>>> print(open('start-v6.cif').read())   # mmCIF, C-alpha atoms
data_my_file
loop_
_atom_site.label_atom_id
_atom_site.label_comp_id
_atom_site.auth_asym_id
_atom_site.auth_seq_id
_atom_site.Cartn_x
_atom_site.Cartn_y
_atom_site.Cartn_z
CA MET A 20 5.61 -67.64 23.96
CA LEU A 21 8.35 -65.30 25.19
CA LYS A 22 11.38 -64.65 23.04
CA LEU A 23 14.18 -66.43 24.87
CA ASP A 24 17.59 -64.90 25.46
CA LYS A 25 20.62 -66.78 24.16
CA HIS A 26 21.77 -67.80 27.63
CA TYR A 27 18.63 -69.97 27.91
CA VAL A 28 18.99 -71.70 24.54
CA GLU A 29 22.73 -71.89 23.68
CA PRO A 30 23.89 -75.22 25.18
CA ARG A 31 27.32 -73.96 26.29
CA LEU A 32 25.77 -71.02 28.12
CA VAL A 33 23.08 -73.22 29.64
CA ASP A 34 25.90 -75.37 31.05
CA LEU A 35 27.07 -72.30 32.98
CA TYR A 36 23.71 -71.42 34.48
CA ASP A 37 23.95 -73.28 37.78
CA ILE A 38 27.56 -72.21 38.23
CA GLU A 39 26.61 -68.54 37.88
CA ASN A 40 23.35 -68.93 39.80
CA PRO A 41 24.07 -71.25 42.75
CA ARG A 42 21.73 -72.05 45.58
CA GLY A 43 21.28 -69.00 47.82
CA ALA A 44 19.14 -67.17 50.35
CA ASP A 45 16.23 -67.01 47.91
CA THR A 46 16.11 -70.82 47.81
CA ASP A 47 16.04 -70.98 51.62
CA PHE A 48 13.19 -68.46 51.65
CA TYR A 49 10.98 -70.36 49.22
CA VAL A 50 11.75 -73.80 50.67
CA GLN A 51 10.76 -72.53 54.12
CA LEU A 52 7.63 -70.88 52.72
CA ALA A 53 6.49 -74.12 51.11
CA ALA A 54 6.98 -75.92 54.43
CA GLU A 55 5.12 -73.25 56.41
CA LEU A 56 2.17 -73.42 54.03
CA ASP A 57 2.28 -77.23 54.04
CA ALA A 58 1.97 -77.02 50.25
CA ARG A 59 1.44 -80.46 48.72
CA HIS A 60 1.01 -79.48 45.05
CA ILE A 61 3.60 -76.94 43.88
CA LEU A 62 4.21 -75.34 40.48
CA ASP A 63 7.57 -73.75 39.63
CA LEU A 64 7.02 -71.44 36.67
CA GLY A 65 10.26 -70.58 34.88
CA CYS A 66 12.04 -73.47 36.59
CA GLY A 67 15.14 -73.34 34.37
CA THR A 68 17.58 -76.14 35.20
CA GLY A 69 15.42 -77.21 38.13
CA LEU A 70 17.96 -76.78 40.92
CA PHE A 71 15.27 -75.33 43.21
CA THR A 72 12.44 -77.43 41.79
CA ARG A 73 14.11 -80.70 42.71
CA GLU A 74 14.67 -79.49 46.27
CA LEU A 75 10.93 -78.94 46.64
CA ALA A 76 10.10 -82.46 45.48
CA ILE A 77 10.25 -84.26 48.83
CA ASN A 78 7.87 -85.99 51.25
CA GLY A 79 5.43 -87.08 48.57
CA ARG A 80 4.75 -83.61 47.21
CA GLN A 81 3.46 -83.24 43.67
CA VAL A 82 5.89 -80.81 42.01
CA VAL A 83 5.76 -79.55 38.44
CA GLY A 84 8.51 -77.52 36.73
CA ILE A 85 7.49 -75.43 33.72
CA ASP A 86 9.91 -73.61 31.43
CA PRO A 87 9.83 -72.50 27.78
CA ALA A 88 13.52 -73.31 27.18
CA SER A 89 14.08 -76.89 26.03
CA ALA A 90 17.85 -76.62 26.62
CA MET A 91 17.29 -75.69 30.27
CA LEU A 92 14.85 -78.55 30.78
CA ALA A 93 17.30 -80.97 29.16
CA VAL A 94 19.75 -80.14 31.95
CA ALA A 95 16.99 -80.41 34.58
CA ARG A 96 15.90 -83.85 33.42
CA ARG A 97 19.33 -85.41 33.81
CA GLN A 98 20.02 -84.22 37.36
CA PRO A 99 19.74 -86.43 40.47
CA GLY A 100 16.17 -86.42 41.74
CA ALA A 101 14.72 -85.26 38.42
CA GLU A 102 12.37 -88.25 38.37
CA ARG A 103 10.48 -86.77 41.34
CA VAL A 104 9.38 -83.78 39.23
CA GLN A 105 7.02 -83.52 36.28
CA TRP A 106 8.75 -81.34 33.66
CA ILE A 107 6.71 -79.37 31.14
CA GLU A 108 8.05 -77.29 28.26
CA GLY A 109 5.95 -74.17 27.86
CA ASP A 110 4.92 -70.86 29.39
CA SER A 111 2.03 -70.02 31.72
CA LYS A 112 -0.51 -71.27 29.15
CA ALA A 113 0.83 -74.78 29.82
CA LEU A 114 -0.15 -74.59 33.50
CA GLY A 115 -3.72 -75.69 32.97
CA THR A 116 -6.07 -75.87 35.94
CA PRO A 117 -4.50 -78.36 38.36
CA GLY A 118 -5.71 -76.67 41.55
CA ALA A 119 -2.22 -76.25 43.00
CA ASP A 120 -1.57 -75.01 46.53
CA LEU A 121 1.43 -72.85 45.62
CA LEU A 122 3.03 -71.39 42.51
CA ILE A 123 6.53 -69.94 42.75
CA MET A 124 8.51 -67.80 40.30
CA THR A 125 12.16 -67.43 41.28
CA SER A 126 15.24 -65.77 39.75
CA HIS A 127 13.31 -62.57 38.98
CA VAL A 128 11.26 -64.37 36.32
CA ALA A 129 8.55 -61.74 36.78
CA GLN A 130 10.82 -59.17 35.15
CA VAL A 131 11.06 -60.93 31.79
CA PHE A 132 7.46 -59.92 31.00
CA LEU A 133 8.12 -56.61 29.27
CA ASP A 134 4.58 -55.79 28.16
CA ASP A 135 1.72 -55.31 30.57
CA ALA A 136 -0.54 -57.50 28.42
CA ALA A 137 1.88 -60.45 28.72
CA TRP A 138 2.28 -59.94 32.48
CA ASP A 139 -1.48 -59.67 33.03
CA ALA A 140 -2.12 -62.79 30.94
CA THR A 141 0.46 -64.69 32.97
CA LEU A 142 -1.20 -63.66 36.24
CA ARG A 143 -4.58 -64.83 34.90
CA ASP A 144 -3.10 -68.20 33.98
CA ILE A 145 -1.52 -68.48 37.43
CA TYR A 146 -4.83 -67.61 39.11
CA ASN A 147 -6.57 -70.38 37.15
CA ALA A 148 -3.84 -72.88 38.04
CA LEU A 149 -4.26 -72.37 41.79
CA CYS A 150 -6.93 -73.74 44.07
CA PRO A 151 -9.13 -71.26 45.97
CA GLY A 152 -6.90 -69.82 48.66
CA GLY A 153 -3.76 -70.96 46.82
CA ARG A 154 -0.68 -68.76 46.98
CA LEU A 155 1.57 -67.11 44.43
CA ALA A 156 5.10 -66.22 45.58
CA PHE A 157 7.66 -64.31 43.52
CA GLU A 158 10.17 -61.49 43.65
CA SER A 159 11.02 -58.48 41.52
CA ARG A 160 13.89 -56.03 41.95
CA ASN A 161 12.88 -52.72 43.49
CA PRO A 162 13.37 -50.01 40.82
CA ASP A 163 13.94 -47.33 43.48
CA TYR A 164 17.03 -49.25 44.62
CA GLN A 165 18.49 -48.95 41.09
CA GLY A 166 20.51 -52.11 41.39
CA TRP A 167 21.36 -52.00 37.69
CA LYS A 168 23.80 -49.19 38.46
CA GLN A 169 26.18 -51.96 39.58
CA TRP A 170 25.79 -53.85 36.31
CA THR A 171 29.19 -52.78 35.03
CA ARG A 172 32.31 -54.69 34.03
CA GLU A 173 34.10 -53.37 37.07
CA ASP A 174 31.45 -54.56 39.55
CA SER A 175 30.32 -57.79 37.86
CA PHE A 176 33.46 -59.35 36.35
CA VAL A 177 33.92 -63.01 37.36
CA ARG A 178 36.50 -65.61 36.30
CA TYR A 179 35.73 -69.26 37.03
CA PRO A 180 36.29 -72.85 35.82
CA SER A 181 33.54 -74.48 33.78
CA PRO A 182 32.93 -77.56 31.63
CA HIS A 183 34.21 -75.44 28.73
CA GLY A 184 37.37 -74.23 30.42
CA ILE A 185 38.02 -70.99 32.25
CA MET A 186 35.25 -68.44 31.68
CA GLU A 187 35.31 -64.67 32.08
CA THR A 188 31.88 -63.06 32.37
CA TRP A 189 30.40 -59.65 33.13
CA VAL A 190 27.34 -57.53 32.40
CA GLU A 191 27.01 -53.98 31.11
CA VAL A 192 23.89 -51.80 30.87
CA VAL A 193 23.16 -50.52 27.38
CA SER A 194 20.15 -48.29 28.01
CA GLU A 195 17.50 -47.29 30.56
CA ASP A 196 14.04 -46.34 29.35
CA ASP A 197 10.90 -46.02 31.51
CA GLY A 198 11.58 -49.03 33.69
CA ARG A 199 13.12 -51.12 30.93
CA ILE A 200 16.77 -51.95 31.36
CA ARG A 201 18.66 -53.29 28.35
CA PHE A 202 22.01 -54.89 29.02
CA GLU A 203 24.66 -57.16 27.55
CA GLY A 204 26.05 -60.31 29.10
CA HIS A 205 29.65 -60.88 28.02
CA ASN A 206 31.00 -64.45 28.01
CA VAL A 207 34.61 -65.14 27.09
CA PHE A 208 35.82 -68.72 26.53
CA THR A 209 39.45 -68.09 27.43
CA ALA A 210 40.71 -71.39 26.01
CA THR A 211 39.79 -70.27 22.49
CA GLY A 212 39.32 -66.52 22.92
CA GLU A 213 35.76 -66.80 21.66
CA LYS A 214 33.45 -64.08 23.00
CA MET A 215 29.70 -64.50 23.10
CA ILE A 216 27.50 -61.48 23.86
CA VAL A 217 23.92 -61.95 25.02
CA ASN A 218 21.46 -59.07 24.69
CA SER A 219 18.79 -58.98 27.38
CA GLU A 220 16.01 -56.70 28.62
CA LEU A 221 14.13 -56.63 31.92
CA ARG A 222 11.13 -54.65 33.15
CA PHE A 223 11.45 -53.00 36.56
CA ARG A 224 7.84 -52.51 37.65
CA SER A 225 7.12 -50.38 40.70
CA GLN A 226 5.46 -51.65 43.86
CA THR A 227 2.26 -49.87 42.83
CA GLU A 228 2.29 -51.38 39.35
CA ILE A 229 2.73 -54.92 40.65
CA THR A 230 0.21 -54.45 43.44
CA ASP A 231 -2.43 -53.16 41.02
CA SER A 232 -1.80 -55.99 38.58
CA LEU A 233 -2.20 -58.59 41.32
CA HIS A 234 -5.43 -57.07 42.55
CA ASN A 235 -6.79 -56.89 39.00
CA ALA A 236 -6.05 -60.60 38.57
CA GLY A 237 -7.96 -61.52 41.73
CA PHE A 238 -5.10 -61.79 44.23
CA ALA A 239 -4.85 -60.31 47.72
CA ILE A 240 -1.35 -59.49 48.93
CA GLU A 241 -0.58 -61.27 52.21
CA GLN A 242 3.04 -60.20 52.62
CA LEU A 243 5.55 -57.90 50.97
CA TYR A 244 9.16 -58.29 52.08
CA GLY A 245 12.20 -56.24 51.21
CA ASP A 246 14.85 -58.94 51.43
CA TRP A 247 15.31 -62.68 51.93
CA ASN A 248 15.43 -62.25 55.71
CA ARG A 249 11.80 -61.08 55.62
CA ALA A 250 12.54 -57.49 56.50
CA PRO A 251 9.60 -55.14 55.85
CA PHE A 252 9.64 -53.57 52.41
CA LEU A 253 11.01 -50.03 52.28
CA SER A 254 11.75 -47.72 49.38
CA THR A 255 15.43 -48.55 49.92
CA SER A 256 14.92 -52.33 49.87
CA PRO A 257 16.69 -54.23 47.09
CA GLU A 258 13.83 -56.66 46.53
CA MET A 259 10.05 -56.76 46.45
CA ILE A 260 9.06 -60.27 47.55
CA PHE A 261 5.32 -60.83 47.17
CA ILE A 262 3.16 -63.51 48.77
CA ALA A 263 -0.33 -63.27 47.30
CA GLN A 264 -3.46 -65.39 47.75
CA ARG A 265 -6.16 -66.01 45.18
CA ASP A 266 -9.75 -65.63 46.23
#
>>> encode(input="start-v6.cif", output="structure tokens")
Amino acid sequence: MLKLDKHYVEPRLVDLYDIENPRGADTDFYVQLAAELDARHILDLGCGTGLFTRELAINGRQVVGIDPASAMLAVARRQPGAERVQWIEGDSKALGTPGADLLIMTSHVAQVFLDDAAWDATLRDIYNALCPGGRLAFESRNPDYQGWKQWTREDSFVRYPSPHGIMETWVEVVSEDDGRIRFEGHNVFTATGEKMIVNSELRFRSQTEITDSLHNAGFAIEQLYGDWNRAPFLSTSPEMIFIAQRD
């Protein structure tokens, strides 16, 4: 099981998650993909609060949301439409072998796997959870784009209302080391002056590293996009959006 950052387990920070991560172009992309593939059995690995998961659960689809954070799933389970989704607490080992048509990882979930062994094991579990010909869709930030250079207080500061009063939040990079970016998330509860700092780390794998890992797990890459408008991937693209098919 992955070690979970505080913003996935501390109830007050979990309450902020959907405010800080609203529905966006990535949701449109994956919703459209599921429709194009006519996917009937969909797995959302790392589903979090289930905002996207619940949107998939329409027209009689079988949709399962899997997440290791009980606090995130607690939020998911009390949202409108939650009854249409099967919620499972766990990581990729909890997927089993359901023979799903499509597995999706959103919100850069792929980057939380810091060690190659953990990433490779996750891909094997995903492969086993899909039916022959089933698809895996996910995104990872392009390291050549160096998007973390904008993770500063100046560029990321936000002030907004929340269930806990006015919040002030920002992120700051602490260190960069061989594709691993360590950073702090600052959360200030202005009503009380309390400040909560969350330490996080993400792995920025290269296109070659991800491609090789997918091939080694038995996947063939169907598409690689560079943004949510399906532009071709370039070295300057902010995202690497993979659509891969198991054999």
>>> closest_residue(input="start-v6.cif", among="A:His234, A:Arg178, A:His183, A:Arg222", to="Leu35 in chain A", atoms="only C-alpha atoms")
A:His183
>>> resolve_selection(input="start-v6.cif", expression="the PyMOL selection byres ((chain A and resi 33) around 12)", output="MDAnalysis selection string")
chainID A and resid 24:32 34:40 67:68 88:95 181:183 206
>>> resolve_selection(input="start-v6.cif", expression="the PyMOL selection byres ((chain A and resi 131) around 12)", output="number ranges by chain")
A: 20-24, 65, 110, 124-130, 132-135, 137-138, 141, 158-160, 199-201, 219-224
>>> residues_around(input="start-v6.cif", residues="range 76-78 of chain A", least_positions_apart="4", cutoff="9 Å", atoms="only C-alpha atoms", output="list in words")
Arg59, Ile61, Thr72, Val82, Val83, Gly100, Ala101, Arg103 and Val104 of chain A
>>> residues_near_point(input="start-v6.cif", point="(1.7, -60.4, 48.0)", cutoff="10 Å", atoms="only C-alpha atoms", output="ChimeraX atom specification")
/A:154-158,229-230,233-234,238-244,259-264
>>> atom_distance(input="start-v6.cif", atom1="CA of Trp247 in chain A", atom2="CA of Pro162 in chain A")
17.0 Å
>>> residues_around(input="start-v6.cif", residues="Glu173 in chain A", least_positions_apart="6", cutoff="10 Å", atoms="all atoms listed in the file", output="PyMOL selection string")
chain A and resi 189-191
>>> write_last_selection(input="start-v6.cif", atoms="C-alpha atoms", output="PDB file, keeping the file's coordinate frame")
ATOM      1  CA  TRP A 189      30.400 -59.650  33.130  1.00  0.00           C
ATOM      2  CA  VAL A 190      27.340 -57.530  32.400  1.00  0.00           C
ATOM      3  CA  GLU A 191      27.010 -53.980  31.110  1.00  0.00           C
TER       4      GLU A 191
END
>>> atom_distance(input="start-v6.cif", atom1="CA of His205 in chain A", atom2="CA of Gly166 in chain A")
18.4 Å
>>> atom_distance(input="start-v6.cif", atom1="CA of Val50 in chain A", atom2="CA of Gly245 in chain A")
17.6 Å
>>> closest_residue(input="start-v6.cif", among="A:Ser194, A:Thr188, A:Gln169, A:Asn147", to="Arg265 in chain A", atoms="only C-alpha atoms")
A:Asn147
>>> resolve_selection(input="start-v6.cif", expression="the PyMOL selection byres ((chain A and resi 212) around 12)", output="PDB file with C-alpha atoms, in the frame of the given file")
ATOM      1  CA  HIS A 183      34.210 -75.440  28.730  1.00  0.00           C
ATOM      2  CA  GLY A 184      37.370 -74.230  30.420  1.00  0.00           C
ATOM      3  CA  ILE A 185      38.020 -70.990  32.250  1.00  0.00           C
ATOM      4  CA  MET A 186      35.250 -68.440  31.680  1.00  0.00           C
ATOM      5  CA  GLU A 187      35.310 -64.670  32.080  1.00  0.00           C
ATOM      6  CA  ASN A 206      31.000 -64.450  28.010  1.00  0.00           C
ATOM      7  CA  VAL A 207      34.610 -65.140  27.090  1.00  0.00           C
ATOM      8  CA  PHE A 208      35.820 -68.720  26.530  1.00  0.00           C
ATOM      9  CA  THR A 209      39.450 -68.090  27.430  1.00  0.00           C
ATOM     10  CA  ALA A 210      40.710 -71.390  26.010  1.00  0.00           C
ATOM     11  CA  THR A 211      39.790 -70.270  22.490  1.00  0.00           C
ATOM     12  CA  GLU A 213      35.760 -66.800  21.660  1.00  0.00           C
ATOM     13  CA  LYS A 214      33.450 -64.080  23.000  1.00  0.00           C
ATOM     14  CA  MET A 215      29.700 -64.500  23.100  1.00  0.00           C
TER      15      MET A 215
END
>>> closest_residue(input="start-v6.cif", among="A:Gly79, A:Pro257, A:Gly43, A:Gly204", to="Arg172 in chain A", atoms="all atoms listed in the file")
A:Gly204
>>> residues_around(input="start-v6.cif", residues="range 113-118 of chain A", least_positions_apart="2", cutoff="9 Å", atoms="only C-alpha atoms", output="list in words")
His60, Leu62, Leu64, Ile85, Ile107, Glu108, Gly109, Asp110, Ser111, Asp120, Asp144, Ile145, Tyr146, Asn147, Ala148, Leu149, Cys150, Pro151 and Gly153 of chain A
>>> closest_residue(input="start-v6.cif", among="A:Asn161, A:Leu75, A:Phe48, A:Gln81", to="Glu228 in chain A", atoms="all atoms listed in the file")
A:Asn161
>>> closest_residue(input="start-v6.cif", among="A:Ile216, A:Arg42, A:Leu56, A:Asn235", to="Glu203 in chain A", atoms="all atoms listed in the file")
A:Ile216
